[in-house]
Structures are given as structure tokens and as C-alpha cells.
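Everything below belongs to run-v1.tsv, which stores TSV, C-alpha atoms.
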chain	number	residue	atom	x	y	z
A	1	THR	CA	-24.62	-8.03	-21.12
A	2	ARG	CA	-21.59	-10.23	-20.91
A	3	ARG	CA	-22.17	-13.77	-22.12
A	4	SER	CA	-20.41	-16.69	-20.54
A	5	SER	CA	-19.15	-19.46	-22.76
A	6	ASP	CA	-17.83	-22.08	-20.36
A	7	LEU	CA	-19.11	-25.63	-20.57
A	8	LYS	CA	-20.96	-25.44	-17.26
A	9	ASP	CA	-22.93	-22.34	-18.27
A	10	LEU	CA	-23.71	-23.92	-21.64
A	11	ASP	CA	-24.85	-27.13	-19.89
A	12	LEU	CA	-22.33	-29.15	-21.89
A	13	LEU	CA	-20.32	-30.81	-19.13
A	14	GLU	CA	-21.49	-34.21	-20.35
A	15	VAL	CA	-19.36	-33.83	-23.52
A	16	LEU	CA	-16.24	-34.36	-21.41
A	17	PRO	CA	-15.14	-37.84	-20.42
A	18	SER	CA	-15.88	-38.33	-16.71
A	19	LEU	CA	-12.18	-38.75	-15.81
A	20	VAL	CA	-11.27	-35.49	-17.59
A	21	LEU	CA	-14.13	-33.64	-15.91
A	22	ALA	CA	-13.16	-35.02	-12.48
A	23	ARG	CA	-9.52	-33.97	-13.01
A	24	LEU	CA	-10.53	-30.46	-14.09
A	25	GLN	CA	-12.83	-30.10	-11.09
A	26	GLN	CA	-10.07	-31.30	-8.73
A	27	ASN	CA	-7.55	-28.91	-10.30
A	28	LEU	CA	-10.00	-26.04	-9.85
A	29	ALA	CA	-10.63	-26.96	-6.21
A	30	ASP	CA	-6.87	-27.29	-5.56
A	31	ASN	CA	-6.05	-24.04	-7.32
A	32	SER	CA	-8.81	-22.21	-5.41
A	33	GLN	CA	-7.19	-23.32	-2.13
A	34	ARG	CA	-3.73	-22.41	-3.41
A	35	MET	CA	-4.88	-18.94	-4.47
A	36	ASP	CA	-6.62	-18.41	-1.12
A	37	ALA	CA	-3.33	-19.23	0.62
A	38	MET	CA	-1.40	-16.89	-1.67
A	39	ILE	CA	-3.92	-14.10	-1.04
A	40	ALA	CA	-3.59	-14.56	2.73
A	41	GLU	CA	0.22	-14.54	2.43
A	42	SER	CA	0.20	-11.40	0.28
A	43	VAL	CA	-2.18	-9.59	2.62
A	44	ALA	CA	-0.06	-10.48	5.69
A	45	ILE	CA	3.14	-9.27	4.01
A	46	GLN	CA	1.48	-6.09	2.82
A	47	HIS	CA	0.18	-5.28	6.29
A	48	ARG	CA	3.78	-5.58	7.54
A	49	PHE	CA	5.06	-3.42	4.65
A	50	GLN	CA	2.45	-0.79	5.47
A	51	GLU	CA	3.18	-0.89	9.21
A	52	ALA	CA	6.86	-0.31	8.36
A	53	GLY	CA	5.95	2.61	6.08
A	54	LEU	CA	7.55	1.05	3.00
A	55	SER	CA	7.11	2.49	-0.45
A	56	TYR	CA	5.94	-0.43	-2.61
A	57	ALA	CA	3.37	-1.63	-5.13
A	58	ILE	CA	2.09	-5.02	-6.18
A	59	LEU	CA	3.32	-6.13	-9.59
A	60	LYS	CA	1.42	-8.55	-11.83
A	61	GLY	CA	-0.58	-11.19	-9.94
A	62	PHE	CA	-3.30	-9.80	-7.73
A	63	SER	CA	-2.93	-6.27	-9.14
A	64	LEU	CA	-4.58	-7.58	-12.32
A	65	TRP	CA	-7.85	-8.26	-10.47
A	66	PRO	CA	-10.66	-7.62	-11.39
A	67	ILE	CA	-10.10	-6.09	-14.85
A	68	SER	CA	-7.70	-8.58	-16.45
A	69	VAL	CA	-8.30	-11.49	-14.08
A	70	PRO	CA	-11.87	-11.50	-12.72
A	71	LYS	CA	-11.61	-15.10	-11.40
A	72	LEU	CA	-8.32	-15.60	-9.57
A	73	GLU	CA	-8.99	-19.31	-9.13
A	74	LEU	CA	-8.64	-19.73	-12.90
A	75	ARG	CA	-5.18	-18.15	-12.96
A	76	SER	CA	-1.86	-19.88	-12.51
A	77	GLN	CA	0.15	-17.57	-10.29
A	78	LEU	CA	3.46	-18.84	-8.98
A	79	ASP	CA	4.87	-16.03	-6.85
A	80	LEU	CA	4.26	-12.68	-5.20
A	81	ASP	CA	5.91	-9.69	-6.87
A	82	PHE	CA	6.56	-6.38	-5.14
A	83	LEU	CA	8.06	-3.21	-6.59
A	84	VAL	CA	9.97	-1.36	-3.87
A	85	THR	CA	12.15	1.71	-3.71
A	86	GLU	CA	15.83	1.17	-3.08
A	87	GLU	CA	15.34	2.81	0.31
A	88	SER	CA	12.67	0.24	1.25
A	89	ALA	CA	14.52	-2.83	-0.06
A	90	ILE	CA	16.45	-3.80	3.10
A	91	GLU	CA	13.38	-3.56	5.34
A	92	ALA	CA	11.24	-5.42	2.77
A	93	ARG	CA	13.87	-8.16	2.73
A	94	ARG	CA	13.80	-8.38	6.53
A	95	ILE	CA	10.00	-8.67	6.51
A	96	LEU	CA	10.10	-11.46	3.92
A	97	GLU	CA	12.79	-13.29	5.89
A	98	ASP	CA	10.75	-12.91	9.10
A	99	SER	CA	7.85	-14.45	7.14
A	100	GLY	CA	9.86	-17.60	6.44
A	101	TYR	CA	11.43	-16.70	3.11
A	102	ARG	CA	15.13	-16.83	2.35
A	103	LEU	CA	16.97	-14.89	-0.31
A	104	ASP	CA	17.67	-17.38	-3.11
A	105	LYS	CA	19.32	-15.18	-5.72
A	106	ILE	CA	19.76	-11.66	-6.97
A	107	ASN	CA	19.29	-11.13	-10.68
A	108	GLY	CA	20.01	-7.52	-11.57
A	109	ARG	CA	17.48	-5.42	-9.68
A	110	SER	CA	15.30	-8.42	-8.73
A	111	TRP	CA	15.72	-10.29	-5.45
A	112	GLU	CA	14.18	-13.76	-5.49
A	113	PHE	CA	13.03	-15.41	-2.26
A	114	LYS	CA	11.94	-19.00	-1.61
A	115	ALA	CA	10.20	-20.83	1.23
A	116	ASN	CA	8.90	-24.41	1.58
A	117	GLU	CA	10.78	-25.59	-1.48
A	118	CYS	CA	8.85	-28.81	-2.04
A	119	ARG	CA	8.34	-29.31	-5.74
A	120	PRO	CA	5.20	-30.99	-7.06
A	121	SER	CA	5.93	-34.68	-7.46
A	122	SER	CA	3.83	-34.75	-10.64
A	123	LEU	CA	1.67	-32.55	-12.80
A	124	ARG	CA	-1.28	-33.85	-10.79
A	125	ASP	CA	0.04	-31.82	-7.81
A	126	LEU	CA	0.76	-28.64	-9.77
A	127	TYR	CA	-2.22	-26.76	-8.30
A	128	LYS	CA	-1.91	-27.98	-4.70
A	129	ALA	CA	-1.48	-25.38	-1.96
A	130	GLY	CA	1.53	-25.21	0.32
A	131	LEU	CA	4.14	-27.00	-1.78
A	132	SER	CA	6.39	-23.97	-2.20
A	133	ARG	CA	6.26	-20.22	-1.82
A	134	SER	CA	8.12	-17.60	-3.82
A	135	ALA	CA	8.33	-13.84	-3.65
A	136	GLU	CA	10.30	-11.27	-5.58
A	137	LEU	CA	11.37	-7.76	-4.73
A	138	HIS	CA	11.91	-5.61	-7.80
A	139	LEU	CA	13.94	-2.50	-6.97
A	140	GLU	CA	12.70	0.61	-8.70
A	141	THR	CA	15.32	2.79	-10.27
A	142	VAL	CA	14.51	6.30	-11.24
A	143	SER	CA	17.05	8.10	-13.38
A	144	ALA	CA	17.61	11.82	-13.01
A	145	GLY	CA	14.57	13.56	-14.43
A	146	GLY	CA	12.85	10.19	-14.88
A	147	SER	CA	9.38	9.19	-13.84
A	148	SER	CA	8.63	6.83	-10.97
A	149	LEU	CA	6.14	4.00	-11.36
A	150	LEU	CA	5.50	4.14	-7.62
A	151	SER	CA	4.64	7.85	-7.78
A	152	ARG	CA	1.81	6.97	-10.23
A	153	SER	CA	0.45	4.05	-8.20
A	154	HIS	CA	-3.05	4.00	-6.79
A	155	LYS	CA	-4.89	1.92	-4.17
A	156	LEU	CA	-6.92	-1.20	-4.90
A	157	CYS	CA	-8.89	-2.63	-1.98
A	158	PHE	CA	-8.48	-6.39	-2.02
A	159	HIS	CA	-9.28	-8.97	0.70
A	160	GLY	CA	-8.88	-6.60	3.63
A	161	VAL	CA	-5.92	-4.57	2.43
A	162	CYS	CA	-5.80	-1.44	0.31
A	163	MET	CA	-2.79	-2.34	-1.75
A	164	PRO	CA	-0.85	0.01	-3.97
A	165	VAL	CA	-0.90	-1.09	-7.60
A	166	LEU	CA	0.51	0.45	-10.75
A	167	SER	CA	-1.58	2.89	-12.75
A	168	PRO	CA	-3.86	1.28	-15.37
A	169	VAL	CA	-1.52	2.39	-18.17
A	170	ASP	CA	1.54	1.00	-16.36
A	171	LEU	CA	-0.33	-2.28	-15.65
A	172	PHE	CA	-1.19	-2.63	-19.33
A	173	VAL	CA	2.35	-1.89	-20.50
A	174	GLY	CA	3.74	-4.22	-17.82
A	175	GLN	CA	1.49	-7.06	-18.98
A	176	GLY	CA	2.67	-6.60	-22.55
A	177	LEU	CA	6.33	-6.48	-21.56
A	178	HIS	CA	5.95	-9.56	-19.34
A	179	LEU	CA	4.08	-11.47	-22.04
A	180	TYR	CA	6.64	-10.72	-24.74
A	181	LYS	CA	9.65	-10.80	-22.37
Rewrite the structure from the file as C-alpha cells, please.
Amino acid sequence: TRRSSDLKDLDLLEVLPSLVLARLQQNLADNSQRMDAMIAESVAIQHRFQEAGLSYAILKGFSLWPISVPKLELRSQLDLDFLVTEESAIEARRILEDSGYRLDKINGRSWEFKANECRPSSLRDLYKAGLSRSAELHLETVSAGGSSLLSRSHKLCFHGVCMPVLSPVDLFVGQGLHLYK
């Protein structure tokens, strides 16, 4: 059996100063609301991608659930990342723009979108929902004779959408590459 080692499960919450405990509890509540909003946003965008017949997969973020990230409310996720084919990129951009995003910059094969660009006024607001939204489209390139990440994707049912995610091996490699830049 898996053993939990957090302070609540160990009945050790009293070791924290009350102000620290209150701040941690507020951050968790705020981040839970923020993640719920991000999930709803992702699901809405994905439904539109699927209705349009786009070839895409979720990168990082929610694709790591439940294996690498069993409790999304404990994760700090800042944006939504989608891998799309070059053929799907223009329509994916239109869908994001219709969802209130605007193209902020293109960096190589990544298109970065922003919406509601209110920055947290302090670290206290870091986990609050609705301050800003970001999404990225990563265009997949497949060289002649190369292998496509999208061709190896599989479906993960998540909050009312069966979303395409990278294969377990590609997820693992992607996490390592992202971690070590």
C-alpha cells in the first residue's frame, strides 16, 4: 500500500505556526479554483479542436495526470500546451483567438497566446484564478522518414473529454527534456 507522508495525514498540522498553516490552506484553496478554471478552459478548447477535426495532443500539464501528477491542485501549471500538425495550426489559432486569446509571439515552432494579462500584484495572489491565461501551440515537424509524436498518441479520458496525449515513453522523455531544458 502507498503511504502518505503529508502533515495532515500524520496529524502534525499543529507543528506549523498558525499564520503559515492559514497561508498554505488559502494557497491550496486558490490553486484548486485556478486549476478547475484551467481544466474547464482546456476542455472547452479541446471540444472545439475535436469538432474541427484537428490533429493535436496535450503536452505537459494535464497529460501528466494521474501517473506523474495525481493531485492537480498541488501542481503549479501556468499555461495550456497543445502539439498540433502544421496543417492544423491556422485553425487551432483561430479557435484560440475566438476563445479570447491573442497571439503574443512566435518563437521558432511555438506560438504563444495570452488573454486577461493581469499579473499577480504580489506573491500572495500567485495562485488566484482568472488573473491571466496563456496557451501555446507547438507545431510538430516530421522530417522525411521521421516518426510523428502525434501518430503515437493515445486517448486519456479527463473531465468529460477524451484528450489525445503523448505515448507514455514520449511523456517521460518530454518531462526529462522540459526539466533539463
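You will find CA of Arg34 in chain A at 13.8 Å from CA of Arg124 in chain A.
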- Message: So, with only C-alpha atoms as the atoms that count, which of A:Gly174, A:Glu73, A:His154, A:Ile45 lies closest to Asp98 in chain A?
- Response: A:Ile45
- Query: Using only C-alpha atoms, which residue out of A:Glu91, A:Asp81, A:Glu14, A:Asp125 lies closest to Leu54 in chain A?
  - Reply: A:Glu91
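The smallest atom-to-atom distance between Asp170 in chain A and any of A:Lys71, A:Ser55, A:Ser63, A:Ser132, using only C-alpha atoms, is found for A:Ser63.
Among the candidates A:Ser68, A:Asn107, A:Phe113, A:Ser18, the residue lying nearest to Gln175 in chain A is A:Ser68 (atoms considered: all atoms listed in the file).
Of the residues under consideration (A:Val84, A:Leu12, A:Leu19, A:Leu64), A:Val84 shows the shortest atom-to-atom contact distance to Val142 in chain A when counting all atoms listed in the file.
The two atoms in question, CA of Val165 in chain A and CA of Leu59 in chain A, are spaced 6.9 Å apart.
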- Task: Figure out the distance between CA of Glu86 in chain A and CA of Lys60 in chain A, please, to one decimal in Å.
- Result: 19.5 Å
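Residues in contact with Pro164 in chain A at up to 8 Å, not including ones fewer than 3 positions away on its chain and judged by only C-alpha atoms, are Tyr56, Ala57, Ile58, Ser153, His154, Lys155 and Leu156 of chain A.
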- Which one of A:Ala135, A:Ser99, A:Glu41, A:Leu126 sits closest to Gln26 in chain A if you count only C-alpha atoms? A:Leu126
Could you add the missing atoms to range 55-77 of chain A, up to N, CA and C atoms, and return them as a short mmCIF file (atom, residue, chain, number, x, y, z; two decimals), in the coordinates of the input?
data_model
loop_
_atom_site.label_atom_id
_atom_site.label_comp_id
_atom_site.auth_asym_id
_atom_site.auth_seq_id
_atom_site.Cartn_x
_atom_site.Cartn_y
_atom_site.Cartn_z
N SER A 55 7.63 2.04 0.83
CA SER A 55 7.11 2.49 -0.45
C SER A 55 7.17 1.29 -1.40
N TYR A 56 6.00 0.77 -1.79
CA TYR A 56 5.94 -0.43 -2.61
C TYR A 56 4.66 -0.42 -3.44
N ALA A 57 4.60 -1.35 -4.38
CA ALA A 57 3.37 -1.63 -5.13
C ALA A 57 3.40 -3.10 -5.53
N ILE A 58 2.22 -3.66 -5.70
CA ILE A 58 2.09 -5.02 -6.18
C ILE A 58 2.33 -5.01 -7.69
N LEU A 59 3.11 -5.96 -8.16
CA LEU A 59 3.32 -6.13 -9.59
C LEU A 59 2.61 -7.41 -10.04
N LYS A 60 2.06 -7.38 -11.24
CA LYS A 60 1.42 -8.55 -11.83
C LYS A 60 0.42 -9.16 -10.85
N GLY A 61 0.24 -10.46 -10.91
CA GLY A 61 -0.58 -11.19 -9.94
C GLY A 61 -1.89 -10.53 -9.56
N PHE A 62 -2.03 -10.28 -8.26
CA PHE A 62 -3.30 -9.80 -7.73
C PHE A 62 -3.63 -8.37 -8.18
N SER A 63 -2.64 -7.62 -8.66
CA SER A 63 -2.93 -6.27 -9.14
C SER A 63 -3.75 -6.29 -10.43
N LEU A 64 -3.82 -7.45 -11.07
CA LEU A 64 -4.58 -7.58 -12.32
C LEU A 64 -6.07 -7.83 -12.08
N TRP A 65 -6.45 -8.06 -10.82
CA TRP A 65 -7.85 -8.26 -10.47
C TRP A 65 -8.54 -6.91 -10.34
N PRO A 66 -9.73 -6.71 -10.72
CA PRO A 66 -10.66 -7.62 -11.39
C PRO A 66 -10.70 -7.42 -12.91
N ILE A 67 -9.98 -6.43 -13.42
CA ILE A 67 -10.10 -6.09 -14.85
C ILE A 67 -9.56 -7.20 -15.75
N SER A 68 -8.30 -7.56 -15.58
CA SER A 68 -7.70 -8.58 -16.45
C SER A 68 -7.95 -10.00 -15.96
N VAL A 69 -8.12 -10.16 -14.67
CA VAL A 69 -8.30 -11.49 -14.08
C VAL A 69 -9.48 -11.44 -13.11
N PRO A 70 -10.71 -11.58 -13.62
CA PRO A 70 -11.87 -11.50 -12.72
C PRO A 70 -12.02 -12.72 -11.81
N LYS A 71 -11.50 -13.88 -12.21
CA LYS A 71 -11.61 -15.10 -11.40
C LYS A 71 -10.20 -15.60 -11.10
N LEU A 72 -9.70 -15.24 -9.93
CA LEU A 72 -8.32 -15.60 -9.57
C LEU A 72 -8.10 -17.10 -9.54
N GLU A 73 -9.14 -17.86 -9.22
CA GLU A 73 -8.99 -19.31 -9.13
C GLU A 73 -8.72 -19.96 -10.49
N LEU A 74 -8.91 -19.21 -11.56
CA LEU A 74 -8.64 -19.73 -12.90
C LEU A 74 -7.24 -19.36 -13.39
N ARG A 75 -6.50 -18.62 -12.58
CA ARG A 75 -5.18 -18.15 -12.96
C ARG A 75 -4.10 -19.02 -12.33
N SER A 76 -3.02 -19.18 -13.06
CA SER A 76 -1.86 -19.88 -12.51
C SER A 76 -0.84 -18.83 -12.10
N GLN A 77 -0.80 -18.54 -10.82
CA GLN A 77 0.15 -17.57 -10.29
C GLN A 77 1.15 -18.32 -9.43
#
